[in-house]
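Coordinates from target12.pdb are shown below (PDB, C-alpha atoms).
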```pdb
ATOM      1  CA  MET A   1     -81.857  19.374  41.757
ATOM      2  CA  LYS A   2     -82.056  15.590  42.085
ATOM      3  CA  PHE A   3     -83.183  13.745  38.961
ATOM      4  CA  GLY A   4     -83.921  10.055  38.473
ATOM      5  CA  ILE A   5     -85.209   7.831  35.677
ATOM      6  CA  ALA A   6     -87.878   5.163  36.111
ATOM      7  CA  VAL A   7     -90.454   3.004  34.404
ATOM      8  CA  PHE A   8     -93.997   2.576  35.738
ATOM      9  CA  PRO A   9     -95.653  -0.808  35.141
ATOM     10  CA  SER A  10     -99.390  -1.104  34.372
ATOM     11  CA  LYS A  11    -101.970   0.201  36.856
ATOM     12  CA  GLU A  12    -102.937  -3.403  37.727
ATOM     13  CA  ILE A  13     -99.360  -4.119  38.844
ATOM     14  CA  GLN A  14     -99.087  -0.777  40.635
ATOM     15  CA  ASP A  15    -102.281  -1.527  42.561
ATOM     16  CA  LEU A  16    -100.975  -4.910  43.683
ATOM     17  CA  ALA A  17     -97.571  -3.435  44.600
ATOM     18  CA  ASN A  18     -99.208  -0.595  46.559
ATOM     19  CA  SER A  19    -101.186  -3.090  48.654
ATOM     20  CA  TYR A  20     -97.803  -4.275  50.012
ATOM     21  CA  ARG A  21     -95.951  -0.968  49.859
ATOM     22  CA  LYS A  22     -98.562   0.714  52.051
ATOM     23  CA  ARG A  23     -97.428  -1.522  54.911
ATOM     24  CA  TYR A  24     -93.801  -2.311  54.124
ATOM     25  CA  ASP A  25     -92.297   0.550  52.107
ATOM     26  CA  PRO A  26     -91.635   3.955  53.732
ATOM     27  CA  HIS A  27     -91.359   5.394  50.188
ATOM     28  CA  TYR A  28     -95.027   4.501  49.558
ATOM     29  CA  SER A  29     -96.196   8.123  49.497
ATOM     30  CA  LEU A  30     -93.131   9.538  47.704
ATOM     31  CA  ILE A  31     -93.426   7.781  44.349
ATOM     32  CA  GLN A  32     -95.721   5.305  42.613
ATOM     33  CA  PRO A  33     -94.544   1.673  42.200
ATOM     34  CA  HIS A  34     -91.726   1.689  39.680
ATOM     35  CA  LEU A  35     -88.630   0.018  38.307
ATOM     36  CA  THR A  36     -85.675   2.339  38.739
ATOM     37  CA  ILE A  37     -83.590   2.843  35.620
ATOM     38  CA  ARG A  38     -81.170   5.391  36.983
ATOM     39  CA  GLU A  39     -80.618   6.250  40.645
ATOM     40  CA  LYS A  40     -81.096   9.853  41.723
ATOM     41  CA  GLU A  41     -78.288  12.298  41.082
ATOM     42  CA  ASP A  42     -77.843  16.048  41.432
ATOM     43  CA  TRP A  43     -77.946  17.702  38.023
ATOM     44  CA  SER A  44     -77.383  21.346  37.172
ATOM     45  CA  GLU A  45     -79.667  23.116  34.683
ATOM     46  CA  GLU A  46     -76.894  22.687  32.134
ATOM     47  CA  GLN A  47     -76.565  18.933  32.790
ATOM     48  CA  LEU A  48     -80.324  18.628  32.399
ATOM     49  CA  ARG A  49     -80.202  20.442  29.041
ATOM     50  CA  HIS A  50     -77.418  18.158  27.831
ATOM     51  CA  THR A  51     -79.191  15.038  29.029
ATOM     52  CA  ILE A  52     -82.564  15.493  27.312
ATOM     53  CA  PRO A  53     -81.206  14.869  23.763
ATOM     54  CA  LYS A  54     -79.356  11.803  25.068
ATOM     55  CA  LEU A  55     -82.620  10.421  26.495
ATOM     56  CA  GLU A  56     -84.452  11.202  23.242
ATOM     57  CA  ARG A  57     -81.798   9.267  21.303
ATOM     58  CA  ALA A  58     -82.135   6.321  23.697
ATOM     59  CA  ALA A  59     -85.937   6.332  23.262
ATOM     60  CA  GLU A  60     -85.568   6.374  19.479
ATOM     61  CA  ALA A  61     -83.183   3.415  19.590
ATOM     62  CA  LEU A  62     -85.410   1.187  21.730
ATOM     63  CA  ALA A  63     -88.610  -0.671  20.832
ATOM     64  CA  PRO A  64     -91.454  -1.223  23.325
ATOM     65  CA  PHE A  65     -91.342  -4.585  25.116
ATOM     66  CA  THR A  66     -93.239  -6.645  27.667
ATOM     67  CA  ILE A  67     -92.057  -7.508  31.159
ATOM     68  CA  HIS A  68     -93.412 -10.445  33.153
ATOM     69  CA  PHE A  69     -93.367 -10.621  36.944
ATOM     70  CA  ASN A  70     -93.335 -14.265  38.035
ATOM     71  CA  ARG A  71     -92.284 -14.254  41.720
ATOM     72  CA  PHE A  72     -91.452 -12.289  44.842
ATOM     73  CA  SER A  73     -87.819 -12.145  45.857
ATOM     74  CA  SER A  74     -85.364 -10.307  48.097
ATOM     75  CA  PHE A  75     -81.873  -8.804  48.039
ATOM     76  CA  TYR A  76     -81.292 -10.111  51.586
ATOM     77  CA  PRO A  77     -78.623 -10.248  53.060
ATOM     78  CA  VAL A  78     -77.150  -7.491  50.820
ATOM     79  CA  ASN A  79     -80.067  -5.304  51.798
ATOM     80  CA  ASN A  80     -83.522  -5.802  53.295
ATOM     81  CA  VAL A  81     -85.547  -5.170  50.165
ATOM     82  CA  VAL A  82     -88.479  -7.328  49.047
ATOM     83  CA  TYR A  83     -89.443  -6.993  45.404
ATOM     84  CA  MET A  84     -91.455  -8.358  42.521
ATOM     85  CA  ALA A  85     -89.028 -10.116  40.183
ATOM     86  CA  LEU A  86     -89.005 -10.554  36.413
ATOM     87  CA  SER A  87     -88.937 -13.900  34.615
ATOM     88  CA  ASP A  88     -86.636 -12.327  32.003
ATOM     89  CA  THR A  89     -84.498  -9.338  32.964
ATOM     90  CA  GLU A  90     -82.841  -8.880  29.552
ATOM     91  CA  PRO A  91     -85.201  -6.261  28.006
ATOM     92  CA  MET A  92     -84.967  -4.057  31.118
ATOM     93  CA  LYS A  93     -81.183  -4.491  31.145
ATOM     94  CA  ARG A  94     -81.024  -3.354  27.525
ATOM     95  CA  LEU A  95     -83.124  -0.308  28.454
ATOM     96  CA  TYR A  96     -80.753   0.399  31.345
ATOM     97  CA  GLU A  97     -77.643  -0.045  29.221
ATOM     98  CA  THR A  98     -78.939   2.182  26.433
ATOM     99  CA  ILE A  99     -79.940   4.982  28.805
ATOM    100  CA  CYS A 100     -77.115   4.725  31.346
ATOM    101  CA  SER A 101     -74.244   4.950  28.883
ATOM    102  CA  GLU A 102     -71.834   7.696  27.789
ATOM    103  CA  GLU A 103     -72.528  10.824  29.872
ATOM    104  CA  LEU A 104     -75.179   8.912  31.845
ATOM    105  CA  ALA A 105     -72.940   5.954  32.739
ATOM    106  CA  GLU A 106     -73.355   5.205  36.437
ATOM    107  CA  VAL A 107     -69.832   5.365  37.753
ATOM    108  CA  LYS A 108     -70.746   4.974  41.401
ATOM    109  CA  ARG A 109     -73.076   1.961  41.104
ATOM    110  CA  ALA A 110     -72.106  -0.575  43.785
ATOM    111  CA  TYR A 111     -73.922  -3.609  42.330
ATOM    112  CA  SER A 112     -74.738  -4.808  38.852
ATOM    113  CA  TYR A 113     -78.095  -3.547  37.578
ATOM    114  CA  THR A 114     -80.935  -5.872  38.616
ATOM    115  CA  PRO A 115     -84.347  -4.646  37.470
ATOM    116  CA  HIS A 116     -86.949  -5.036  40.234
ATOM    117  CA  LEU A 117     -90.123  -3.493  41.644
ATOM    118  CA  THR A 118     -89.640  -2.803  45.356
ATOM    119  CA  ILE A 119     -92.633  -3.616  47.581
ATOM    120  CA  GLY A 120     -90.843  -3.455  50.933
ATOM    121  CA  GLN A 121     -87.656  -1.881  52.297
ATOM    122  CA  GLU A 122     -85.961  -0.509  55.425
ATOM    123  CA  MET A 123     -87.361  -3.429  57.443
ATOM    124  CA  ASN A 124     -85.422  -5.148  60.187
ATOM    125  CA  SER A 125     -84.430  -8.743  59.418
ATOM    126  CA  ASP A 126     -87.283 -10.285  61.432
ATOM    127  CA  GLU A 127     -89.867  -8.250  59.547
ATOM    128  CA  LEU A 128     -88.179  -9.047  56.256
ATOM    129  CA  HIS A 129     -88.334 -12.779  56.869
ATOM    130  CA  ASP A 130     -92.006 -12.581  57.917
ATOM    131  CA  VAL A 131     -92.947 -10.625  54.801
ATOM    132  CA  LEU A 132     -90.847 -12.801  52.543
ATOM    133  CA  ALA A 133     -92.330 -16.024  53.942
ATOM    134  CA  SER A 134     -95.801 -14.593  53.361
ATOM    135  CA  VAL A 135     -95.304 -13.341  49.776
ATOM    136  CA  LYS A 136     -93.163 -16.247  48.595
ATOM    137  CA  ALA A 137     -96.200 -18.494  49.066
ATOM    138  CA  LYS A 138     -98.235 -16.319  46.690
ATOM    139  CA  PRO A 139     -98.383 -16.928  42.956
ATOM    140  CA  LEU A 140     -97.364 -13.976  40.775
ATOM    141  CA  ASP A 141     -98.041 -13.945  37.057
ATOM    142  CA  LEU A 142     -98.530 -10.409  35.702
ATOM    143  CA  SER A 143     -97.247  -8.759  32.549
ATOM    144  CA  SER A 144     -96.894  -5.118  31.565
ATOM    145  CA  ARG A 145     -96.099  -3.444  28.276
ATOM    146  CA  ILE A 146     -93.210  -0.983  28.653
ATOM    147  CA  ASP A 147     -93.360   1.669  25.941
ATOM    148  CA  ARG A 148     -91.946   4.720  27.762
ATOM    149  CA  PHE A 149     -89.686   5.875  30.557
ATOM    150  CA  HIS A 150     -89.871   8.944  32.758
ATOM    151  CA  LEU A 151     -87.428  11.565  33.939
ATOM    152  CA  LEU A 152     -88.460  12.694  37.438
ATOM    153  CA  TYR A 153     -87.134  15.191  39.962
ATOM    154  CA  GLN A 154     -87.334  15.251  43.711
ATOM    155  CA  THR A 155     -88.760  17.991  45.906
ATOM    156  CA  GLU A 156     -87.440  18.771  49.410
ATOM    157  CA  ASN A 157     -89.955  16.425  51.075
ATOM    158  CA  GLY A 158     -88.502  13.478  49.142
ATOM    159  CA  ALA A 159     -91.469  13.120  46.744
ATOM    160  CA  TRP A 160     -90.998  12.905  42.967
ATOM    161  CA  THR A 161     -92.491  15.117  40.260
ATOM    162  CA  ALA A 162     -92.814  14.115  36.591
ATOM    163  CA  HIS A 163     -90.511  16.136  34.365
ATOM    164  CA  GLN A 164     -90.637  14.436  30.984
ATOM    165  CA  SER A 165     -91.749  11.176  29.386
ATOM    166  CA  PHE A 166     -89.854   9.471  26.568
ATOM    167  CA  LEU A 167     -91.758   7.109  24.271
ATOM    168  CA  LEU A 168     -89.837   4.111  22.938
ATOM    169  CA  ARG A 169     -89.936   4.477  19.160
ATOM    170  CA  GLY A 170     -87.345   1.997  17.945
TER     171      GLY A 170
ATOM    172  CA  MET B   1    -108.985   4.298  34.240
ATOM    173  CA  LYS B   2    -109.126   7.847  35.624
ATOM    174  CA  PHE B   3    -107.007  10.384  33.756
ATOM    175  CA  GLY B   4    -106.324  14.031  34.574
ATOM    176  CA  ILE B   5    -104.202  16.831  33.143
ATOM    177  CA  ALA B   6    -102.042  19.157  35.243
ATOM    178  CA  VAL B   7     -99.131  21.548  35.264
ATOM    179  CA  PHE B   8     -96.387  21.410  37.903
ATOM    180  CA  PRO B   9     -94.804  24.749  38.887
ATOM    181  CA  SER B  10     -91.075  25.041  39.679
ATOM    182  CA  LYS B  11     -89.553  23.014  42.514
ATOM    183  CA  GLU B  12     -89.195  26.200  44.601
ATOM    184  CA  ILE B  13     -92.953  26.778  44.440
ATOM    185  CA  GLN B  14     -93.711  23.095  45.042
ATOM    186  CA  ASP B  15     -91.502  23.147  48.145
ATOM    187  CA  LEU B  16     -93.326  26.179  49.555
ATOM    188  CA  ALA B  17     -96.729  24.693  48.697
ATOM    189  CA  ASN B  18     -95.802  21.365  50.302
ATOM    190  CA  SER B  19     -94.892  23.117  53.568
ATOM    191  CA  TYR B  20     -98.603  24.068  53.831
ATOM    192  CA  ARG B  21    -100.094  21.021  52.121
ATOM    193  CA  LYS B  22     -98.388  18.699  54.596
ATOM    194  CA  ARG B  23    -100.645  20.130  57.301
ATOM    195  CA  TYR B  24    -103.738  21.287  55.439
ATOM    196  CA  ASP B  25    -104.232  19.136  52.335
ATOM    197  CA  PRO B  26    -105.264  15.468  52.618
ATOM    198  CA  HIS B  27    -104.110  15.037  48.997
ATOM    199  CA  TYR B  28    -100.536  15.863  50.054
ATOM    200  CA  SER B  29     -99.232  12.330  49.476
ATOM    201  CA  LEU B  30    -101.322  11.600  46.360
ATOM    202  CA  ILE B  31     -99.877  14.166  43.946
ATOM    203  CA  GLN B  32     -97.249  16.881  43.920
ATOM    204  CA  PRO B  33     -98.352  20.557  44.070
ATOM    205  CA  HIS B  34    -100.011  21.354  40.762
ATOM    206  CA  LEU B  35    -102.453  23.482  38.830
ATOM    207  CA  THR B  36    -105.224  21.274  37.492
ATOM    208  CA  ILE B  37    -105.948  21.720  33.809
ATOM    209  CA  ARG B  38    -108.563  19.040  33.442
ATOM    210  CA  GLU B  39    -110.413  17.285  36.259
ATOM    211  CA  LYS B  40    -110.172  13.506  36.442
ATOM    212  CA  GLU B  41    -112.407  11.467  34.179
ATOM    213  CA  ASP B  42    -112.763   7.794  33.315
ATOM    214  CA  TRP B  43    -111.285   7.093  29.898
ATOM    215  CA  SER B  44    -111.286   3.837  27.977
ATOM    216  CA  GLU B  45    -108.144   2.671  26.160
ATOM    217  CA  GLU B  46    -109.776   3.910  22.962
ATOM    218  CA  GLN B  47    -110.515   7.362  24.393
ATOM    219  CA  LEU B  48    -106.911   7.555  25.549
ATOM    220  CA  ARG B  49    -105.668   6.706  22.043
ATOM    221  CA  HIS B  50    -107.905   9.369  20.514
ATOM    222  CA  THR B  51    -106.893  11.970  23.078
ATOM    223  CA  ILE B  52    -103.109  11.806  22.710
ATOM    224  CA  PRO B  53    -103.047  13.401  19.197
ATOM    225  CA  LYS B  54    -105.417  16.117  20.469
ATOM    226  CA  LEU B  55    -102.996  16.886  23.336
ATOM    227  CA  GLU B  56    -100.059  16.895  20.927
ATOM    228  CA  ARG B  57    -101.853  19.436  18.722
ATOM    229  CA  ALA B  58    -102.618  21.607  21.765
ATOM    230  CA  ALA B  59     -98.940  21.517  22.809
ATOM    231  CA  GLU B  60     -97.855  22.493  19.298
ATOM    232  CA  ALA B  61    -100.255  25.452  19.270
ATOM    233  CA  LEU B  62     -99.115  26.914  22.605
ATOM    234  CA  ALA B  63     -95.926  28.775  23.505
ATOM    235  CA  PRO B  64     -94.267  28.495  26.938
ATOM    236  CA  PHE B  65     -95.236  31.264  29.363
ATOM    237  CA  THR B  66     -94.555  32.483  32.889
ATOM    238  CA  ILE B  67     -97.015  32.440  35.771
ATOM    239  CA  HIS B  68     -96.658  34.674  38.823
ATOM    240  CA  PHE B  69     -98.135  33.854  42.219
ATOM    241  CA  ASN B  70     -98.789  37.070  44.132
ATOM    242  CA  ARG B  71    -101.145  36.169  47.006
ATOM    243  CA  PHE B  72    -102.963  33.472  48.948
ATOM    244  CA  SER B  73    -106.698  33.262  48.439
ATOM    245  CA  SER B  74    -109.719  31.004  49.006
ATOM    246  CA  PHE B  75    -112.843  29.755  47.260
ATOM    247  CA  TYR B  76    -114.786  30.110  50.521
ATOM    248  CA  PRO B  77    -117.821  30.016  50.858
ATOM    249  CA  VAL B  78    -118.202  27.999  47.597
ATOM    250  CA  ASN B  79    -115.749  25.488  48.995
ATOM    251  CA  ASN B  80    -113.138  25.391  51.739
ATOM    252  CA  VAL B  81    -110.050  25.507  49.576
ATOM    253  CA  VAL B  82    -107.024  27.732  50.245
ATOM    254  CA  TYR B  83    -104.738  28.320  47.289
ATOM    255  CA  MET B  84    -101.874  30.284  45.846
ATOM    256  CA  ALA B  85    -103.335  32.743  43.327
ATOM    257  CA  LEU B  86    -101.958  34.144  40.090
ATOM    258  CA  SER B  87    -101.538  37.850  39.352
ATOM    259  CA  ASP B  88    -102.586  37.146  35.752
ATOM    260  CA  THR B  89    -104.762  34.121  35.010
ATOM    261  CA  GLU B  90    -104.987  34.678  31.241
ATOM    262  CA  PRO B  91    -102.099  32.440  30.051
ATOM    263  CA  MET B  92    -103.351  29.498  32.144
ATOM    264  CA  LYS B  93    -106.885  30.107  30.880
ATOM    265  CA  ARG B  94    -105.607  29.975  27.306
ATOM    266  CA  LEU B  95    -103.859  26.694  28.107
ATOM    267  CA  TYR B  96    -107.096  25.362  29.612
ATOM    268  CA  GLU B  97    -109.209  26.516  26.651
ATOM    269  CA  THR B  98    -106.834  25.037  24.080
ATOM    270  CA  ILE B  99    -106.646  21.659  25.831
ATOM    271  CA  CYS B 100    -110.239  21.385  27.091
ATOM    272  CA  SER B 101    -111.955  21.974  23.757
ATOM    273  CA  GLU B 102    -113.615  19.762  21.154
ATOM    274  CA  GLU B 103    -113.598  16.144  22.422
ATOM    275  CA  LEU B 104    -111.977  17.326  25.682
ATOM    276  CA  ALA B 105    -114.542  20.058  26.425
ATOM    277  CA  GLU B 106    -115.595  19.779  30.074
ATOM    278  CA  VAL B 107    -119.350  19.473  29.849
ATOM    279  CA  LYS B 108    -119.891  18.830  33.541
ATOM    280  CA  ARG B 109    -117.786  21.706  34.947
ATOM    281  CA  ALA B 110    -119.845  23.467  37.636
ATOM    282  CA  TYR B 111    -117.783  26.702  37.837
ATOM    283  CA  SER B 112    -115.755  28.720  35.390
ATOM    284  CA  TYR B 113    -112.097  27.652  35.183
ATOM    285  CA  THR B 114    -109.995  29.477  37.781
ATOM    286  CA  PRO B 115    -106.343  28.404  37.710
ATOM    287  CA  HIS B 116    -105.002  27.930  41.239
ATOM    288  CA  LEU B 117    -102.515  25.909  43.277
ATOM    289  CA  THR B 118    -104.332  24.284  46.215
ATOM    290  CA  ILE B 119    -102.437  24.345  49.527
ATOM    291  CA  GLY B 120    -105.348  23.367  51.791
ATOM    292  CA  GLN B 121    -108.711  21.655  51.386
ATOM    293  CA  GLU B 122    -111.375  19.607  53.177
ATOM    294  CA  MET B 123    -111.000  21.807  56.273
ATOM    295  CA  ASN B 124    -113.931  22.848  58.416
ATOM    296  CA  SER B 125    -114.762  26.555  58.304
ATOM    297  CA  ASP B 126    -112.974  27.368  61.587
ATOM    298  CA  GLU B 127    -109.758  25.766  60.328
ATOM    299  CA  LEU B 128    -110.127  27.497  56.982
ATOM    300  CA  HIS B 129    -110.411  30.923  58.592
ATOM    301  CA  ASP B 130    -107.400  30.259  60.843
ATOM    302  CA  VAL B 131    -105.257  29.152  57.905
ATOM    303  CA  LEU B 132    -106.467  31.933  55.674
ATOM    304  CA  ALA B 133    -105.793  34.604  58.311
ATOM    305  CA  SER B 134    -102.285  33.203  58.758
ATOM    306  CA  VAL B 135    -101.337  32.957  55.065
ATOM    307  CA  LYS B 136    -103.022  36.182  53.968
ATOM    308  CA  ALA B 137    -100.533  38.086  56.125
ATOM    309  CA  LYS B 138     -97.618  36.508  54.211
ATOM    310  CA  PRO B 139     -96.116  38.069  51.114
ATOM    311  CA  LEU B 140     -96.070  35.863  48.012
ATOM    312  CA  ASP B 141     -94.038  36.775  44.953
ATOM    313  CA  LEU B 142     -92.878  33.720  43.008
ATOM    314  CA  SER B 143     -92.782  33.037  39.284
ATOM    315  CA  SER B 144     -92.553  29.808  37.325
ATOM    316  CA  ARG B 145     -91.968  29.090  33.664
ATOM    317  CA  ILE B 146     -94.635  26.758  32.264
ATOM    318  CA  ASP B 147     -93.332  24.926  29.206
ATOM    319  CA  ARG B 148     -95.164  21.581  29.476
ATOM    320  CA  PHE B 149     -98.241  19.837  30.800
ATOM    321  CA  HIS B 150     -98.737  16.292  32.016
ATOM    322  CA  LEU B 151    -101.293  13.580  31.453
ATOM    323  CA  LEU B 152    -101.593  11.523  34.650
ATOM    324  CA  TYR B 153    -103.652   8.513  35.752
ATOM    325  CA  GLN B 154    -104.877   7.473  39.134
ATOM    326  CA  THR B 155    -104.245   4.164  40.883
ATOM    327  CA  GLU B 156    -106.726   2.565  43.297
ATOM    328  CA  ASN B 157    -105.172   4.251  46.335
ATOM    329  CA  GLY B 158    -105.924   7.698  44.863
ATOM    330  CA  ALA B 159    -102.294   8.513  43.939
ATOM    331  CA  TRP B 160    -101.331   9.734  40.482
ATOM    332  CA  THR B 161     -98.806   8.237  38.047
ATOM    333  CA  ALA B 162     -97.185  10.152  35.165
ATOM    334  CA  HIS B 163     -98.372   8.898  31.789
ATOM    335  CA  GLN B 164     -97.060  11.432  29.282
ATOM    336  CA  SER B 165     -95.618  14.943  29.151
ATOM    337  CA  PHE B 166     -96.395  17.424  26.377
ATOM    338  CA  LEU B 167     -93.890  20.197  25.673
ATOM    339  CA  LEU B 168     -95.328  23.544  24.566
ATOM    340  CA  ARG B 169     -93.789  24.183  21.155
ATOM    341  CA  GLY B 170     -95.871  27.066  19.785
TER     342      GLY B 170
END
```

Translate the structure described by the file into structure tokens.
Amino acid sequence: MKFGIAVFPSKEIQDLANSYRKRYDPHYSLIQPHLTIREKEDWSEEQLRHTIPKLERAAEALAPFTIHFNRFSSFYPVNNVVYMALSDTEPMKRLYETICSEELAEVKRAYSYTPHLTIGQEMNSDELHDVLASVKAKPLDLSSRIDRFHLLYQTENGAWTAHQSFLLRG
Amino acid sequence: MKFGIAVFPSKEIQDLANSYRKRYDPHYSLIQPHLTIREKEDWSEEQLRHTIPKLERAAEALAPFTIHFNRFSSFYPVNNVVYMALSDTEPMKRLYETICSEELAEVKRAYSYTPHLTIGQEMNSDELHDVLASVKAKPLDLSSRIDRFHLLYQTENGAWTAHQSFLLRG
């Protein structure tokens, strides 16, 4: 079964993100707006059992923090993703590094971890430039308290189901 | 913000349910297949804070259990819902009664609690009878271990985000 780990920002930020995702993100109906912590991976029942205590330890080691979205950006030309970007990526990177270590180290990751909230993807380059020109002109100044992360699994239709939440207690 | 409480059955059951929901349930893209424990309700931040310890106590008082879906059924003519029905509703009713008590008692509930997994709704009566005739001829014999429940909240587009999971520890 495919498992992934993500953080959901506040409802206010999700609502804004969904107003773009509805038009520009084919994953709109598969998962709510999120920041991916760990990409999806096939885990056996045994891997899942081994992983839960690791995630609990990570949650105990980390304190809640605030993230601040201050602009729209893109990974173009690496890929045609438009996203809401953070003024300071360090707290999310620490969350990533604490969770994705030891048995959860991401050995196949192609790029360094860049926390982001996708609002558009799988566009052709013309669409991407239109969207990017439109959103780059818009101010963005929204913060969200991050005090938990979620382990999710994917059903056959590509949608994600909540499996377990982990509250940051550090 | 609107909060609700639900249980997700195993991925196998979700996959089967989604194969029907895709065609017959307009809520298909808003939430994964589930059994509702508590209908959505507007909660303030303060109500949310007060409710979490209550949900933790409920989870501590309840032991994991198995549910068994043995047939398709409908609430027609009360409403045009088609659902997967349980051979024994008692364990889910106990879960409901333990969670939806005291400050979480459902004062406005119009019907007695009947645990079910909706696979079709908001159909006209002709559609309902067609679907029901088709699914009633199909055997259903699937079980799922229930060892947790989930507190979810709704964004403006009607979709649900995971807030917190509660593991049954009784």

If we count all atoms listed in the file, what is near segment 155-160 of chain B at a cut-off of 7 Å, once residues fewer than 4 positions away on the same chain are taken out, given as a VMD selection string? (chain A and resid 11 15) or (chain B and resid 30 to 31)

Apply the PyMOL selection byres ((chain A and resi 90) around 12) to the file shown and report the selected residues as JSON, numbers by chain. {"A": [65, 66, 67, 68, 86, 87, 88, 89, 91, 92, 93, 94, 95, 96, 97, 113, 114, 115]}

Write out as a PyMOL selection string the residues lying within 12 Å of segment 103-108 of chain B, counting only C-alpha atoms and excluding same-chain residues fewer than 4 positions away. chain B and resi 3-5+37-41+43+47-48+50-55+58+96-99+112-113

Decode the ChimeraX specification (/A :<9) & /B for the given file into explicit residues and return them as a PDB file with C-alpha atoms, in the frame of the given file.
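Result file follows (expr28.pdb):
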```
ATOM      1  CA  MET B   1    -108.985   4.298  34.240  1.00  0.00           C
ATOM      2  CA  PHE B   8     -96.387  21.410  37.903  1.00  0.00           C
ATOM      3  CA  LYS B  11     -89.553  23.014  42.514  1.00  0.00           C
ATOM      4  CA  GLU B  12     -89.195  26.200  44.601  1.00  0.00           C
ATOM      5  CA  GLN B  14     -93.711  23.095  45.042  1.00  0.00           C
ATOM      6  CA  ASP B  15     -91.502  23.147  48.145  1.00  0.00           C
ATOM      7  CA  ASN B  18     -95.802  21.365  50.302  1.00  0.00           C
ATOM      8  CA  SER B  19     -94.892  23.117  53.568  1.00  0.00           C
ATOM      9  CA  TYR B  28    -100.536  15.863  50.054  1.00  0.00           C
ATOM     10  CA  SER B  29     -99.232  12.330  49.476  1.00  0.00           C
ATOM     11  CA  LEU B  30    -101.322  11.600  46.360  1.00  0.00           C
ATOM     12  CA  ILE B  31     -99.877  14.166  43.946  1.00  0.00           C
ATOM     13  CA  GLN B  32     -97.249  16.881  43.920  1.00  0.00           C
ATOM     14  CA  PRO B  33     -98.352  20.557  44.070  1.00  0.00           C
ATOM     15  CA  ARG B 148     -95.164  21.581  29.476  1.00  0.00           C
ATOM     16  CA  HIS B 150     -98.737  16.292  32.016  1.00  0.00           C
ATOM     17  CA  TYR B 153    -103.652   8.513  35.752  1.00  0.00           C
ATOM     18  CA  GLN B 154    -104.877   7.473  39.134  1.00  0.00           C
ATOM     19  CA  THR B 155    -104.245   4.164  40.883  1.00  0.00           C
ATOM     20  CA  GLU B 156    -106.726   2.565  43.297  1.00  0.00           C
ATOM     21  CA  ASN B 157    -105.172   4.251  46.335  1.00  0.00           C
ATOM     22  CA  ALA B 159    -102.294   8.513  43.939  1.00  0.00           C
ATOM     23  CA  TRP B 160    -101.331   9.734  40.482  1.00  0.00           C
ATOM     24  CA  THR B 161     -98.806   8.237  38.047  1.00  0.00           C
ATOM     25  CA  ALA B 162     -97.185  10.152  35.165  1.00  0.00           C
ATOM     26  CA  HIS B 163     -98.372   8.898  31.789  1.00  0.00           C
ATOM     27  CA  GLN B 164     -97.060  11.432  29.282  1.00  0.00           C
ATOM     28  CA  SER B 165     -95.618  14.943  29.151  1.00  0.00           C
ATOM     29  CA  PHE B 166     -96.395  17.424  26.377  1.00  0.00           C
ATOM     30  CA  LEU B 167     -93.890  20.197  25.673  1.00  0.00           C
TER      31      LEU B 167
END
```

Atom-to-atom span, atom CA of Met84 of chain A and atom CA of Asp42 of chain B, Å: 28.3 Å

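The nearest approach to Arg21 of chain B among the residues B:Ser101, B:Ser143, B:Thr118, B:Ser125, with only C-alpha atoms taken into account, belongs to B:Thr118.
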
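Nearest to Val135 of chain A of all the residues A:Leu168, A:Asn79, A:Ile119, A:Asp147 is A:Ile119, based on only C-alpha atoms.
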
Just give me the gap between atom CA of Leu117 of chain A and atom CA of Pro26 of chain B in Å, one decimal is fine. 26.6 Å

How many Å lie between atom CA of Ser144 of chain B and atom CA of Ser74 of chain B, rounded to one decimal? 20.8 Å

Using only C-alpha atoms, the best pick from A:Pro139, A:Gly170, A:Ala61, A:Tyr76 as closest to Glu122 of chain A would be A:Tyr76

Would you give the centre and edge lengths, in Å to one decimal, of a box along x, y and z around the listed atoms of segment 23-32 of chain B, with 6 Å added to each side, as JSON?
```
{"center_x": -101.3, "center_y": 16.4, "center_z": 50.6, "size_x": 20.0, "size_y": 21.7, "size_z": 25.4}
```
